[in-house]
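Structure first, then comments.
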Amino acid sequence: MGFFQDFKKFMMKGDIIALSTAVVMGTAFNSIVSSVVDNLLMPIIGIITAGADFSQQFIALDGGSYATLQEAQEQEAAVLTYGNVIQAIIYFVIVSFFIFLVLRAYERTKKKKEAAPAPPKGPTQEELLIQIRDELRKQNN
């Protein structure tokens, strides 16, 4: 097979199509989750933390004292913006919790599959072989 035929065969596998669909749906779901977090949950977090903006928290590595992150960046000071990490962690926890709630609701909507009744128990393989042996003995006698 040629390169393009192999590539076409690879792309037409069911798992690749399912993965592609999941990526597209995940991207769309991300915009919904981001909107809920940014527009509904973060304002509440802002009230709880008395309006603290974590993205403005930083440490200047040059030992200078700067009133704001913007001022430090204008002076081209090397800074560690640890506030962005804190904000990313808070965002991650909120998004994870929101996804957990959605998946939990989805799982509740799925119908519980009833256990299939056990098939009627028939003779075992050994019992069948014994029956066959006995029938052969009867035919030979």
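Residues in the structure tokens are numbered from 1 in each chain, the chains being A, B, ... in the order shown, and ligands are numbered from 1 in the order shown.
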Would you mind writing down, as a PyMOL selection string, each residue of range 58-116 of chain A that DSSP on the backbone assigns to alpha helix (DSSP H)? chain A and resi 69-74+82-109
Any idea what's packed within 8 Å of Phe58 in chain A, counting only C-alpha atoms, ignoring anything in its chain fewer than 2 positions away? Could you give it as a PyMOL selection string? chain A and resi 56+60+69+79-83
Go through A:Leu136, A:Val95, A:Leu103, A:Val85 one by one, measure the shortest atom-to-atom distance of each to Ser35 in chain A using only C-alpha atoms, and give the residue with the smallest value.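 Once distances to Ser35 in chain A are computed over only C-alpha atoms, the minimum belongs to A:Val95.
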DSSP on the backbone, then: every residue of chain A marked strand (DSSP E), written as a list in words.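 Selecting the strand (DSSP E) positions of chain A gives Ile59, Ala60, Val79 and Leu80 of chain A.
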Point-to-point distance in Å for CA of Glu71 in chain A and CA of Gln57 in chain A: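 Going from CA of Gln57 in chain A over to CA of Glu71 in chain A, I get 12.4 Å.
Using only C-alpha atoms, the smallest distance between any of A:Glu74, A:Asp53, A:Glu135, A:Glu107 and Ile86 in chain A comes from A:Asp53.
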Closest to Gly63 in chain A among A:Pro119, A:Val93, A:Ala77, A:Ala22, using only C-alpha atoms? A:Ala77
How far is it from CA of Ile32 in chain A to CA of Ile99 in chain A, in Å with one decimal?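 Going from CA of Ile32 in chain A over to CA of Ile99 in chain A, I get 10.6 Å.
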Non-local contacts of Val36 in chain A (12 Å; only C-alpha atoms; under 6 positions in same chain excluded) as a list in words: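 Once the adjacent positions are removed, what remains is Phe29, Asn30, Met42, Pro43, Ile44, Tyr91, Ile94, Val95, Phe97, Phe98 and Ile99 of chain A.
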Since we have the selection now, will you write its residues out, keeping C-alpha atoms, as an mmCIF file, in the first residue's frame?
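Done, and the output landed in again_35.cif:
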```cif
data_model
loop_
_atom_site.group_PDB
_atom_site.id
_atom_site.type_symbol
_atom_site.label_atom_id
_atom_site.label_comp_id
_atom_site.auth_asym_id
_atom_site.auth_seq_id
_atom_site.Cartn_x
_atom_site.Cartn_y
_atom_site.Cartn_z
ATOM 1 C CA PHE A 29 -18.141 22.578 25.834
ATOM 2 C CA ASN A 30 -15.087 24.577 26.923
ATOM 3 C CA MET A 42 -15.849 34.258 39.396
ATOM 4 C CA PRO A 43 -17.965 37.289 40.453
ATOM 5 C CA ILE A 44 -19.090 35.273 43.468
ATOM 6 C CA TYR A 91 -10.153 28.320 37.700
ATOM 7 C CA ILE A 94 -14.070 25.491 39.476
ATOM 8 C CA VAL A 95 -14.039 23.997 35.968
ATOM 9 C CA PHE A 97 -16.253 20.856 39.779
ATOM 10 C CA PHE A 98 -18.570 22.112 37.022
ATOM 11 C CA ILE A 99 -17.623 19.195 34.742
#
```
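Comparing A:Gln87, A:Asp38, A:Val33, A:Ala72 by their smallest distance to Ala52 in chain A, the closest is A:Gln87 (using only C-alpha atoms).
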